[in-house]
>>> print(open('upload_29.pdb').read())   # PDB, C-alpha atoms, pLDDT in the B column
ATOM      1  CA  ASP A   1      -9.612  45.832 -36.770  1.00 70.00           C
ATOM      2  CA  GLN A   2     -11.481  42.580 -37.237  1.00 81.00           C
ATOM      3  CA  GLN A   3      -8.987  39.803 -37.889  1.00 91.00           C
ATOM      4  CA  VAL A   4     -11.687  37.166 -38.325  1.00 94.00           C
ATOM      5  CA  LYS A   5     -14.698  37.979 -40.472  1.00 94.00           C
ATOM      6  CA  GLN A   6     -17.983  36.276 -41.105  1.00 96.00           C
ATOM      7  CA  ASN A   7     -19.560  38.310 -43.864  1.00 92.00           C
ATOM      8  CA  SER A   8     -22.943  36.589 -43.862  1.00 94.00           C
ATOM      9  CA  PRO A   9     -24.968  37.577 -40.799  1.00 93.00           C
ATOM     10  CA  SER A  10     -27.652  35.022 -41.589  1.00 95.00           C
ATOM     11  CA  LEU A  11     -28.348  31.927 -43.653  1.00 96.00           C
ATOM     12  CA  SER A  12     -31.541  29.921 -44.263  1.00 97.00           C
ATOM     13  CA  VAL A  13     -31.458  26.338 -45.490  1.00 97.00           C
ATOM     14  CA  GLN A  14     -34.081  23.652 -46.046  1.00 97.00           C
ATOM     15  CA  GLU A  15     -33.945  20.626 -43.784  1.00 97.00           C
ATOM     16  CA  GLY A  16     -31.885  17.850 -45.343  1.00 97.00           C
ATOM     17  CA  ARG A  17     -29.851  20.188 -47.532  1.00 97.00           C
ATOM     18  CA  ILE A  18     -26.261  21.322 -47.021  1.00 98.00           C
ATOM     19  CA  SER A  19     -25.439  24.394 -44.928  1.00 98.00           C
ATOM     20  CA  ILE A  20     -22.193  26.166 -45.743  1.00 98.00           C
ATOM     21  CA  LEU A  21     -20.922  28.810 -43.356  1.00 98.00           C
ATOM     22  CA  ASN A  22     -17.913  30.872 -44.326  1.00 98.00           C
ATOM     23  CA  CYS A  23     -15.158  32.636 -42.440  1.00 97.00           C
ATOM     24  CA  ASP A  24     -12.209  34.732 -43.607  1.00 97.00           C
ATOM     25  CA  TYR A  25      -9.156  35.806 -41.664  1.00 97.00           C
ATOM     26  CA  THR A  26      -6.395  38.314 -42.235  1.00 95.00           C
ATOM     27  CA  ASN A  27      -3.582  37.183 -39.925  1.00 92.00           C
ATOM     28  CA  SER A  28      -1.313  34.671 -41.667  1.00 93.00           C
ATOM     29  CA  MET A  29       0.060  33.608 -38.278  1.00 90.00           C
ATOM     30  CA  PHE A  30      -3.201  31.942 -37.283  1.00 92.00           C
ATOM     31  CA  ASP A  31      -2.645  28.194 -37.100  1.00 89.00           C
ATOM     32  CA  TYR A  32      -5.634  26.846 -35.219  1.00 89.00           C
ATOM     33  CA  PHE A  33      -9.269  27.398 -36.081  1.00 92.00           C
ATOM     34  CA  LEU A  34     -12.492  26.492 -34.340  1.00 93.00           C
ATOM     35  CA  TRP A  35     -16.218  26.660 -34.862  1.00 96.00           C
ATOM     36  CA  TYR A  36     -18.604  27.282 -32.018  1.00 96.00           C
ATOM     37  CA  LYS A  37     -22.372  26.956 -31.964  1.00 96.00           C
ATOM     38  CA  LYS A  38     -24.520  29.182 -29.793  1.00 94.00           C
ATOM     39  CA  TYR A  39     -28.168  28.901 -28.842  1.00 95.00           C
ATOM     40  CA  PRO A  40     -30.030  31.903 -27.376  1.00 90.00           C
ATOM     41  CA  ALA A  41     -29.363  32.514 -23.680  1.00 88.00           C
ATOM     42  CA  GLU A  42     -26.569  29.932 -23.659  1.00 92.00           C
ATOM     43  CA  GLY A  43     -22.829  30.145 -23.990  1.00 93.00           C
ATOM     44  CA  PRO A  44     -20.988  29.090 -27.150  1.00 94.00           C
ATOM     45  CA  THR A  45     -20.349  25.358 -27.430  1.00 94.00           C
ATOM     46  CA  PHE A  46     -17.276  23.985 -29.152  1.00 93.00           C
ATOM     47  CA  LEU A  47     -18.197  22.197 -32.375  1.00 95.00           C
ATOM     48  CA  ILE A  48     -15.129  21.319 -34.420  1.00 94.00           C
ATOM     49  CA  SER A  49     -11.564  22.498 -34.943  1.00 91.00           C
ATOM     50  CA  ILE A  50      -8.799  22.291 -37.501  1.00 92.00           C
ATOM     51  CA  SER A  51      -5.084  22.810 -37.343  1.00 89.00           C
ATOM     52  CA  SER A  52      -3.249  24.587 -40.140  1.00 90.00           C
ATOM     53  CA  ILE A  53      -1.389  21.376 -40.982  1.00 90.00           C
ATOM     54  CA  LYS A  54      -4.663  19.968 -42.314  1.00 92.00           C
ATOM     55  CA  ASP A  55      -7.097  21.175 -44.942  1.00 94.00           C
ATOM     56  CA  LYS A  56     -10.106  19.186 -43.812  1.00 96.00           C
ATOM     57  CA  ASN A  57     -11.514  17.799 -40.595  1.00 95.00           C
ATOM     58  CA  GLU A  58     -14.717  15.825 -40.326  1.00 96.00           C
ATOM     59  CA  ASP A  59     -16.910  14.938 -37.361  1.00 95.00           C
ATOM     60  CA  GLY A  60     -20.184  13.283 -38.213  1.00 97.00           C
ATOM     61  CA  ARG A  61     -22.377  15.727 -40.109  1.00 97.00           C
ATOM     62  CA  PHE A  62     -19.870  18.558 -39.649  1.00 97.00           C
ATOM     63  CA  THR A  63     -16.840  19.162 -41.839  1.00 98.00           C
ATOM     64  CA  VAL A  64     -14.476  22.104 -41.690  1.00 97.00           C
ATOM     65  CA  PHE A  65     -12.357  23.040 -44.694  1.00 97.00           C
ATOM     66  CA  LEU A  66      -9.303  25.263 -44.518  1.00 97.00           C
ATOM     67  CA  ASN A  67      -7.807  27.096 -47.494  1.00 97.00           C
ATOM     68  CA  LYS A  68      -4.644  28.703 -46.165  1.00 95.00           C
ATOM     69  CA  SER A  69      -3.702  30.442 -49.382  1.00 96.00           C
ATOM     70  CA  ALA A  70      -7.081  32.175 -49.452  1.00 97.00           C
ATOM     71  CA  LYS A  71      -7.174  32.640 -45.664  1.00 97.00           C
ATOM     72  CA  HIS A  72     -10.614  31.100 -45.712  1.00 97.00           C
ATOM     73  CA  LEU A  73     -12.389  28.382 -43.807  1.00 97.00           C
ATOM     74  CA  SER A  74     -15.844  26.971 -44.119  1.00 98.00           C
ATOM     75  CA  LEU A  75     -18.137  24.749 -42.102  1.00 98.00           C
ATOM     76  CA  HIS A  76     -20.339  22.272 -43.951  1.00 98.00           C
ATOM     77  CA  ILE A  77     -23.326  20.695 -42.250  1.00 98.00           C
ATOM     78  CA  VAL A  78     -24.849  17.746 -44.104  1.00 97.00           C
ATOM     79  CA  PRO A  79     -27.689  17.020 -43.803  1.00 97.00           C
ATOM     80  CA  SER A  80     -28.980  20.095 -42.026  1.00 98.00           C
ATOM     81  CA  GLN A  81     -31.485  19.556 -39.242  1.00 97.00           C
ATOM     82  CA  PRO A  82     -33.839  21.996 -37.475  1.00 96.00           C
ATOM     83  CA  GLY A  83     -31.811  21.547 -34.270  1.00 96.00           C
ATOM     84  CA  ASP A  84     -28.830  23.046 -36.099  1.00 97.00           C
ATOM     85  CA  SER A  85     -30.574  26.434 -36.054  1.00 97.00           C
ATOM     86  CA  ALA A  86     -28.208  28.591 -34.003  1.00 97.00           C
ATOM     87  CA  VAL A  87     -25.526  31.234 -34.321  1.00 95.00           C
ATOM     88  CA  TYR A  88     -22.173  29.882 -35.493  1.00 97.00           C
ATOM     89  CA  PHE A  89     -18.910  31.614 -34.622  1.00 96.00           C
ATOM     90  CA  CYS A  90     -15.540  30.905 -36.125  1.00 96.00           C
ATOM     91  CA  ALA A  91     -12.424  31.643 -34.098  1.00 93.00           C
ATOM     92  CA  ALA A  92      -8.713  31.606 -34.803  1.00 92.00           C
ATOM     93  CA  SER A  93      -5.527  31.658 -32.789  1.00 88.00           C
ATOM     94  CA  ALA A  94      -1.764  31.828 -33.330  1.00 85.00           C
ATOM     95  CA  SER A  95       0.222  29.489 -31.118  1.00 77.00           C
ATOM     96  CA  ASN A  96       3.398  31.553 -31.263  1.00 71.00           C
ATOM     97  CA  THR A  97       1.698  34.635 -29.847  1.00 65.00           C
ATOM     98  CA  GLY A  98      -0.041  33.227 -26.800  1.00 64.00           C
ATOM     99  CA  ASN A  99      -3.080  31.430 -28.136  1.00 64.00           C
ATOM    100  CA  GLN A 100      -5.552  34.283 -27.811  1.00 78.00           C
ATOM    101  CA  PHE A 101      -8.677  33.437 -29.757  1.00 86.00           C
ATOM    102  CA  TYR A 102     -10.115  35.985 -32.168  1.00 90.00           C
ATOM    103  CA  PHE A 103     -13.785  35.512 -32.939  1.00 93.00           C
ATOM    104  CA  GLY A 104     -15.887  36.379 -35.952  1.00 94.00           C
ATOM    105  CA  THR A 105     -19.203  38.193 -35.590  1.00 94.00           C
ATOM    106  CA  GLY A 106     -21.279  35.063 -36.120  1.00 95.00           C
ATOM    107  CA  THR A 107     -23.706  33.705 -38.711  1.00 96.00           C
ATOM    108  CA  SER A 108     -27.266  32.917 -37.692  1.00 96.00           C
ATOM    109  CA  LEU A 109     -28.342  29.670 -39.333  1.00 97.00           C
ATOM    110  CA  THR A 110     -32.026  28.819 -39.698  1.00 97.00           C
ATOM    111  CA  VAL A 111     -32.916  25.336 -40.882  1.00 97.00           C
ATOM    112  CA  ILE A 112     -36.437  25.280 -42.240  1.00 96.00           C
ATOM    113  CA  PRO A 113     -38.398  22.055 -41.669  1.00 94.00           C
TER
ATOM    114  CA  ASN B   1     -21.411  18.114 -14.497  1.00 59.00           C
ATOM    115  CA  ALA B   2     -21.980  21.899 -14.273  1.00 74.00           C
ATOM    116  CA  GLY B   3     -18.983  22.945 -16.392  1.00 93.00           C
ATOM    117  CA  VAL B   4     -18.644  26.740 -16.198  1.00 96.00           C
ATOM    118  CA  THR B   5     -21.099  28.559 -13.923  1.00 96.00           C
ATOM    119  CA  GLN B   6     -21.617  32.311 -14.033  1.00 97.00           C
ATOM    120  CA  THR B   7     -23.535  34.444 -11.565  1.00 96.00           C
ATOM    121  CA  PRO B   8     -25.629  36.467 -11.818  1.00 96.00           C
ATOM    122  CA  LYS B   9     -27.399  35.797 -15.123  1.00 95.00           C
ATOM    123  CA  PHE B  10     -28.843  39.302 -15.355  1.00 95.00           C
ATOM    124  CA  GLN B  11     -28.002  42.599 -13.692  1.00 95.00           C
ATOM    125  CA  VAL B  12     -28.974  46.237 -14.083  1.00 96.00           C
ATOM    126  CA  LEU B  13     -26.651  48.872 -12.695  1.00 95.00           C
ATOM    127  CA  LYS B  14     -26.598  52.629 -12.559  1.00 96.00           C
ATOM    128  CA  THR B  15     -23.645  54.543 -13.945  1.00 97.00           C
ATOM    129  CA  GLY B  16     -20.879  54.705 -11.346  1.00 96.00           C
ATOM    130  CA  GLN B  17     -21.945  51.633  -9.402  1.00 96.00           C
ATOM    131  CA  SER B  18     -19.532  48.759  -8.897  1.00 95.00           C
ATOM    132  CA  MET B  19     -20.133  45.073  -9.374  1.00 95.00           C
ATOM    133  CA  THR B  20     -18.329  41.742  -9.449  1.00 97.00           C
ATOM    134  CA  LEU B  21     -19.249  38.993 -11.885  1.00 97.00           C
ATOM    135  CA  GLN B  22     -18.509  35.538 -10.581  1.00 97.00           C
ATOM    136  CA  CYS B  23     -17.302  32.520 -12.518  1.00 97.00           C
ATOM    137  CA  ALA B  24     -16.469  29.007 -11.375  1.00 97.00           C
ATOM    138  CA  GLN B  25     -15.471  25.888 -13.295  1.00 96.00           C
ATOM    139  CA  ASP B  26     -15.435  22.298 -12.088  1.00 95.00           C
ATOM    140  CA  MET B  27     -13.350  20.771 -14.902  1.00 93.00           C
ATOM    141  CA  ASN B  28      -9.966  21.312 -13.213  1.00 92.00           C
ATOM    142  CA  HIS B  29      -8.929  23.593 -16.048  1.00 91.00           C
ATOM    143  CA  ASN B  30      -5.822  25.700 -15.720  1.00 88.00           C
ATOM    144  CA  SER B  31      -6.757  28.647 -17.931  1.00 89.00           C
ATOM    145  CA  MET B  32      -9.755  30.922 -17.531  1.00 92.00           C
ATOM    146  CA  TYR B  33     -11.028  33.873 -19.567  1.00 93.00           C
ATOM    147  CA  TRP B  34     -13.508  36.732 -19.569  1.00 96.00           C
ATOM    148  CA  TYR B  35     -15.094  37.901 -22.822  1.00 96.00           C
ATOM    149  CA  ARG B  36     -17.708  40.440 -23.747  1.00 96.00           C
ATOM    150  CA  GLN B  37     -20.084  40.143 -26.664  1.00 94.00           C
ATOM    151  CA  ASP B  38     -21.640  43.205 -28.262  1.00 92.00           C
ATOM    152  CA  PRO B  39     -24.082  43.433 -31.193  1.00 84.00           C
ATOM    153  CA  GLY B  40     -22.294  43.217 -34.528  1.00 81.00           C
ATOM    154  CA  MET B  41     -19.027  42.197 -32.934  1.00 83.00           C
ATOM    155  CA  GLY B  42     -17.424  38.905 -32.102  1.00 84.00           C
ATOM    156  CA  LEU B  43     -16.488  37.894 -28.598  1.00 91.00           C
ATOM    157  CA  ARG B  44     -13.641  40.078 -27.363  1.00 93.00           C
ATOM    158  CA  LEU B  45     -11.206  39.025 -24.679  1.00 92.00           C
ATOM    159  CA  ILE B  46     -11.143  41.260 -21.603  1.00 95.00           C
ATOM    160  CA  TYR B  47      -8.729  39.417 -19.301  1.00 94.00           C
ATOM    161  CA  TYR B  48      -7.365  35.949 -18.991  1.00 91.00           C
ATOM    162  CA  SER B  49      -5.643  33.830 -16.385  1.00 91.00           C
ATOM    163  CA  ALA B  50      -3.159  31.343 -17.792  1.00 84.00           C
ATOM    164  CA  SER B  51      -2.908  29.546 -14.476  1.00 85.00           C
ATOM    165  CA  GLU B  52      -3.784  29.978 -10.839  1.00 86.00           C
ATOM    166  CA  GLY B  53      -2.059  33.063  -9.506  1.00 86.00           C
ATOM    167  CA  THR B  54      -1.602  34.828 -12.828  1.00 89.00           C
ATOM    168  CA  THR B  55      -3.782  37.268 -14.753  1.00 93.00           C
ATOM    169  CA  ASP B  56      -3.169  39.360 -17.841  1.00 90.00           C
ATOM    170  CA  LYS B  57      -4.897  41.834 -20.111  1.00 92.00           C
ATOM    171  CA  GLY B  58      -6.684  40.842 -23.264  1.00 89.00           C
ATOM    172  CA  GLU B  59      -7.983  42.949 -26.092  1.00 88.00           C
ATOM    173  CA  VAL B  60     -10.352  45.270 -24.161  1.00 94.00           C
ATOM    174  CA  PRO B  61      -9.263  45.482 -20.476  1.00 96.00           C
ATOM    175  CA  ASN B  62     -10.011  49.142 -19.724  1.00 96.00           C
ATOM    176  CA  GLY B  63     -12.550  49.630 -16.945  1.00 95.00           C
ATOM    177  CA  TYR B  64     -12.208  46.100 -15.591  1.00 97.00           C
ATOM    178  CA  ASN B  65     -10.228  44.217 -12.989  1.00 97.00           C
ATOM    179  CA  VAL B  66      -9.999  40.491 -12.369  1.00 97.00           C
ATOM    180  CA  SER B  67      -9.082  38.120  -9.587  1.00 96.00           C
ATOM    181  CA  ARG B  68      -8.123  34.478  -9.932  1.00 95.00           C
ATOM    182  CA  LEU B  69      -9.247  33.449  -6.466  1.00 88.00           C
ATOM    183  CA  ASN B  70      -8.165  29.822  -6.832  1.00 94.00           C
ATOM    184  CA  LYS B  71      -8.012  27.256  -9.621  1.00 94.00           C
ATOM    185  CA  ARG B  72     -11.809  27.093  -9.866  1.00 96.00           C
ATOM    186  CA  GLU B  73     -12.827  30.741  -9.626  1.00 96.00           C
ATOM    187  CA  PHE B  74     -12.146  33.800 -11.760  1.00 97.00           C
ATOM    188  CA  SER B  75     -14.051  37.018 -11.055  1.00 97.00           C
ATOM    189  CA  LEU B  76     -14.483  40.167 -13.116  1.00 97.00           C
ATOM    190  CA  ARG B  77     -14.998  43.514 -11.392  1.00 97.00           C
ATOM    191  CA  LEU B  78     -16.385  46.763 -12.743  1.00 96.00           C
ATOM    192  CA  GLU B  79     -15.230  49.477 -10.333  1.00 92.00           C
ATOM    193  CA  SER B  80     -17.290  52.328 -11.787  1.00 95.00           C
ATOM    194  CA  ALA B  81     -19.769  51.073 -14.358  1.00 94.00           C
ATOM    195  CA  ALA B  82     -20.301  53.042 -17.570  1.00 96.00           C
ATOM    196  CA  PRO B  83     -23.050  52.670 -20.204  1.00 96.00           C
ATOM    197  CA  SER B  84     -20.374  51.511 -22.694  1.00 95.00           C
ATOM    198  CA  GLN B  85     -19.962  48.414 -20.540  1.00 97.00           C
ATOM    199  CA  THR B  86     -23.500  47.270 -21.266  1.00 96.00           C
ATOM    200  CA  SER B  87     -22.885  43.871 -22.800  1.00 96.00           C
ATOM    201  CA  VAL B  88     -23.165  40.130 -22.390  1.00 96.00           C
ATOM    202  CA  TYR B  89     -20.204  38.778 -20.470  1.00 97.00           C
ATOM    203  CA  PHE B  90     -18.952  35.236 -20.912  1.00 97.00           C
ATOM    204  CA  CYS B  91     -16.519  33.345 -18.768  1.00 97.00           C
ATOM    205  CA  ALA B  92     -14.620  30.427 -20.269  1.00 95.00           C
ATOM    206  CA  SER B  93     -12.013  27.871 -19.260  1.00 93.00           C
ATOM    207  CA  SER B  94      -9.676  25.505 -21.052  1.00 89.00           C
ATOM    208  CA  GLU B  95      -7.252  22.699 -20.339  1.00 84.00           C
ATOM    209  CA  GLY B  96      -3.583  23.282 -20.610  1.00 65.00           C
ATOM    210  CA  PHE B  97      -1.684  26.469 -20.225  1.00 59.00           C
ATOM    211  CA  TRP B  98      -2.025  29.590 -22.241  1.00 55.00           C
ATOM    212  CA  GLY B  99       1.218  30.723 -23.772  1.00 57.00           C
ATOM    213  CA  PRO B 100       3.381  30.827 -26.890  1.00 58.00           C
ATOM    214  CA  GLY B 101       4.095  27.381 -28.222  1.00 58.00           C
ATOM    215  CA  GLN B 102       1.540  25.747 -26.001  1.00 60.00           C
ATOM    216  CA  ARG B 103      -0.976  23.395 -27.509  1.00 62.00           C
ATOM    217  CA  THR B 104      -4.194  25.262 -28.101  1.00 65.00           C
ATOM    218  CA  GLN B 105      -7.292  23.865 -26.449  1.00 76.00           C
ATOM    219  CA  PRO B 106     -10.945  24.682 -27.133  1.00 83.00           C
ATOM    220  CA  GLN B 107     -12.567  26.849 -24.521  1.00 88.00           C
ATOM    221  CA  HIS B 108     -15.676  25.885 -22.575  1.00 93.00           C
ATOM    222  CA  PHE B 109     -18.086  28.737 -21.948  1.00 95.00           C
ATOM    223  CA  GLY B 110     -20.616  29.611 -19.281  1.00 96.00           C
ATOM    224  CA  ASP B 111     -24.091  30.791 -20.208  1.00 95.00           C
ATOM    225  CA  GLY B 112     -23.254  34.468 -19.801  1.00 96.00           C
ATOM    226  CA  THR B 113     -24.208  37.441 -17.662  1.00 97.00           C
ATOM    227  CA  ARG B 114     -26.389  40.041 -19.358  1.00 96.00           C
ATOM    228  CA  LEU B 115     -25.398  43.395 -17.867  1.00 96.00           C
ATOM    229  CA  SER B 116     -27.214  46.676 -18.497  1.00 96.00           C
ATOM    230  CA  ILE B 117     -25.851  49.975 -17.245  1.00 96.00           C
ATOM    231  CA  LEU B 118     -28.200  52.926 -17.189  1.00 94.00           C
TER
END
>>> encode(input="upload_29.pdb", output="structure tokens")
Amino acid sequence: DQQVKQNSPSLSVQEGRISILNCDYTNSMFDYFLWYKKYPAEGPTFLISISSIKDKNEDGRFTVFLNKSAKHLSLHIVPSQPGDSAVYFCAASASNTGNQFYFGTGTSLTVIP
Amino acid sequence: NAGVTQTPKFQVLKTGQSMTLQCAQDMNHNSMYWYRQDPGMGLRLIYYSASEGTTDKGEVPNGYNVSRLNKREFSLRLESAAPSQTSVYFCASSEGFWGPGQRTQPQHFGDGTRLSIL
């Protein structure tokens, strides 16, 4: 049973525009969320995280929003660049149950020059 | 700074053969992990090691064994490979200790081992 879901397998965006990647989760005990970026033939690379005590975290062009009531988080990339083309995974963990990360299935982002 | 190094990068096995996937990290991390990634599925945890000398099962441990050889190295062994174990395997490490109430840390991943079992 998938506890973390990314319902959009792919997304295409024009360079310079905003990319919005979405993630939903079912376990209300999750209290820490991360986004990873993955290029082909490489391992996932940590991008940005957010704790459940916040609803927004920003790092340069990347912002993660958390809506706990909706069990939903999103990653905004502004402005999008061709180098952002990659697969993005969201992951979640619950600190009171051992910190195992549960990953979504990924969204493949293509930024069109 | 190599980070997390996995060997080999590619391997083809026949059903029933055994193999050990190697992983080493040079970041002095306490916790290490093995994941598998399959098409249409997220990364799934096979085994983890919260600290040197300890290992424990993750979400999908059947058919695998692990050894935390020292703080740097964490190996994954397939004793009798099956076609269902065809996958991309990722090793990861993180600072801090895994456990309830512990501060969660992002994991750093290797580049993966692509394993095909015929």
>>> closest_atom_pairs(input="upload_29.pdb", of="region 16-95 of chain A", to="region 3-10 of chain B", cutoff="12 Å", atoms="only C-alpha atoms", output="JSON lines")
{"residue": "A:Ala41", "atom": "CA", "partner": "B:Lys9", "partner_atom": "CA", "distance": 9.4}
{"residue": "A:Glu42", "atom": "CA", "partner": "B:Lys9", "partner_atom": "CA", "distance": 10.4}
{"residue": "A:Gly43", "atom": "CA", "partner": "B:Val4", "partner_atom": "CA", "distance": 9.5}
{"residue": "A:Pro44", "atom": "CA", "partner": "B:Val4", "partner_atom": "CA", "distance": 11.4}
{"residue": "A:Thr45", "atom": "CA", "partner": "B:Gly3", "partner_atom": "CA", "distance": 11.4}
>>> atom_distance(input="upload_29.pdb", atom1="CA of Ser10 (chain A)", atom2="CA of Arg61 (chain A)")
20.1 Å
>>> resolve_selection(input="upload_29.pdb", expression="the PyMOL selection byres ((chain A) within 12 of (chain B))", output="JSON list (two decimals) with C-alpha atoms, in the coordinates of the input")
[["chain", "number", "residue", "atom", "x", "y", "z"],
["A", 1, "ASP", "CA", -9.61, 45.83, -36.77],
["A", 2, "GLN", "CA", -11.48, 42.58, -37.24],
["A", 3, "GLN", "CA", -8.99, 39.80, -37.89],
["A", 4, "VAL", "CA", -11.69, 37.17, -38.33],
["A", 5, "LYS", "CA", -14.70, 37.98, -40.47],
["A", 6, "GLN", "CA", -17.98, 36.28, -41.10],
["A", 7, "ASN", "CA", -19.56, 38.31, -43.86],
["A", 8, "SER", "CA", -22.94, 36.59, -43.86],
["A", 9, "PRO", "CA", -24.97, 37.58, -40.80],
["A", 30, "PHE", "CA", -3.20, 31.94, -37.28],
["A", 31, "ASP", "CA", -2.64, 28.19, -37.10],
["A", 32, "TYR", "CA", -5.63, 26.85, -35.22],
["A", 33, "PHE", "CA", -9.27, 27.40, -36.08],
["A", 34, "LEU", "CA", -12.49, 26.49, -34.34],
["A", 35, "TRP", "CA", -16.22, 26.66, -34.86],
["A", 36, "TYR", "CA", -18.60, 27.28, -32.02],
["A", 37, "LYS", "CA", -22.37, 26.96, -31.96],
["A", 38, "LYS", "CA", -24.52, 29.18, -29.79],
["A", 39, "TYR", "CA", -28.17, 28.90, -28.84],
["A", 40, "PRO", "CA", -30.03, 31.90, -27.38],
["A", 41, "ALA", "CA", -29.36, 32.51, -23.68],
["A", 42, "GLU", "CA", -26.57, 29.93, -23.66],
["A", 43, "GLY", "CA", -22.83, 30.14, -23.99],
["A", 44, "PRO", "CA", -20.99, 29.09, -27.15],
["A", 45, "THR", "CA", -20.35, 25.36, -27.43],
["A", 46, "PHE", "CA", -17.28, 23.98, -29.15],
["A", 47, "LEU", "CA", -18.20, 22.20, -32.38],
["A", 48, "ILE", "CA", -15.13, 21.32, -34.42],
["A", 49, "SER", "CA", -11.56, 22.50, -34.94],
["A", 50, "ILE", "CA", -8.80, 22.29, -37.50],
["A", 51, "SER", "CA", -5.08, 22.81, -37.34],
["A", 87, "VAL", "CA", -25.53, 31.23, -34.32],
["A", 88, "TYR", "CA", -22.17, 29.88, -35.49],
["A", 89, "PHE", "CA", -18.91, 31.61, -34.62],
["A", 90, "CYS", "CA", -15.54, 30.90, -36.12],
["A", 91, "ALA", "CA", -12.42, 31.64, -34.10],
["A", 92, "ALA", "CA", -8.71, 31.61, -34.80],
["A", 93, "SER", "CA", -5.53, 31.66, -32.79],
["A", 94, "ALA", "CA", -1.76, 31.83, -33.33],
["A", 95, "SER", "CA", 0.22, 29.49, -31.12],
["A", 96, "ASN", "CA", 3.40, 31.55, -31.26],
["A", 97, "THR", "CA", 1.70, 34.64, -29.85],
["A", 98, "GLY", "CA", -0.04, 33.23, -26.80],
["A", 99, "ASN", "CA", -3.08, 31.43, -28.14],
["A", 100, "GLN", "CA", -5.55, 34.28, -27.81],
["A", 101, "PHE", "CA", -8.68, 33.44, -29.76],
["A", 102, "TYR", "CA", -10.12, 35.98, -32.17],
["A", 103, "PHE", "CA", -13.78, 35.51, -32.94],
["A", 104, "GLY", "CA", -15.89, 36.38, -35.95],
["A", 105, "THR", "CA", -19.20, 38.19, -35.59],
["A", 106, "GLY", "CA", -21.28, 35.06, -36.12],
["A", 107, "THR", "CA", -23.71, 33.70, -38.71],
["A", 108, "SER", "CA", -27.27, 32.92, -37.69]]
>>> residues_around(input="upload_29.pdb", residues="Glu79 (chain B)", least_positions_apart="3", cutoff="8 Å", atoms="all atoms listed in the file", output="compact mmCIF listing (two decimals) with C-alpha atoms, in the coordinates of the input")
# COMPACT_ATOMS: atom_id res chain seq x y z
CA GLY B 16 -20.88 54.70 -11.35
CA GLN B 17 -21.94 51.63 -9.40
CA SER B 18 -19.53 48.76 -8.90
CA MET B 19 -20.13 45.07 -9.37
CA GLY B 63 -12.55 49.63 -16.94
CA TYR B 64 -12.21 46.10 -15.59
CA ASN B 65 -10.23 44.22 -12.99
>>> atom_distance(input="upload_29.pdb", atom1="CA of Lys56 (chain A)", atom2="CA of Ala86 (chain A)")
22.6 Å
>>> atom_distance(input="upload_29.pdb", atom1="CA of Ser80 (chain B)", atom2="CA of Thr55 (chain B)")
20.4 Å
>>> resolve_selection(input="upload_29.pdb", expression="the PyMOL selection byres ((chain B and resi 29) around 8)", output="MDAnalysis selection string")
chainID B and resid 25:28 30:32 71:72 93:96
>>> residues_around(input="upload_29.pdb", residues="Gly83 (chain A)", least_positions_apart="3", cutoff="10 Å", atoms="all atoms listed in the file", output="list in words")
Glu15, Tyr39, Ser80, Ala86, Thr110, Val111, Ile112 and Pro113 of chain A
>>> resolve_selection(input="upload_29.pdb", expression="the PyMOL selection byres ((chain B and resi 85) around 8)", output="ChimeraX atom specification")
/B:81-84,86-87,115-117
>>> write_last_selection(input="upload_29.pdb", atoms="C-alpha atoms", output="CSV table (one decimal), in the coordinates of the input")
chain,number,residue,atom,x,y,z
B,81,ALA,CA,-19.8,51.1,-14.4
B,82,ALA,CA,-20.3,53.0,-17.6
B,83,PRO,CA,-23.0,52.7,-20.2
B,84,SER,CA,-20.4,51.5,-22.7
B,86,THR,CA,-23.5,47.3,-21.3
B,87,SER,CA,-22.9,43.9,-22.8
B,115,LEU,CA,-25.4,43.4,-17.9
B,116,SER,CA,-27.2,46.7,-18.5
B,117,ILE,CA,-25.9,50.0,-17.2
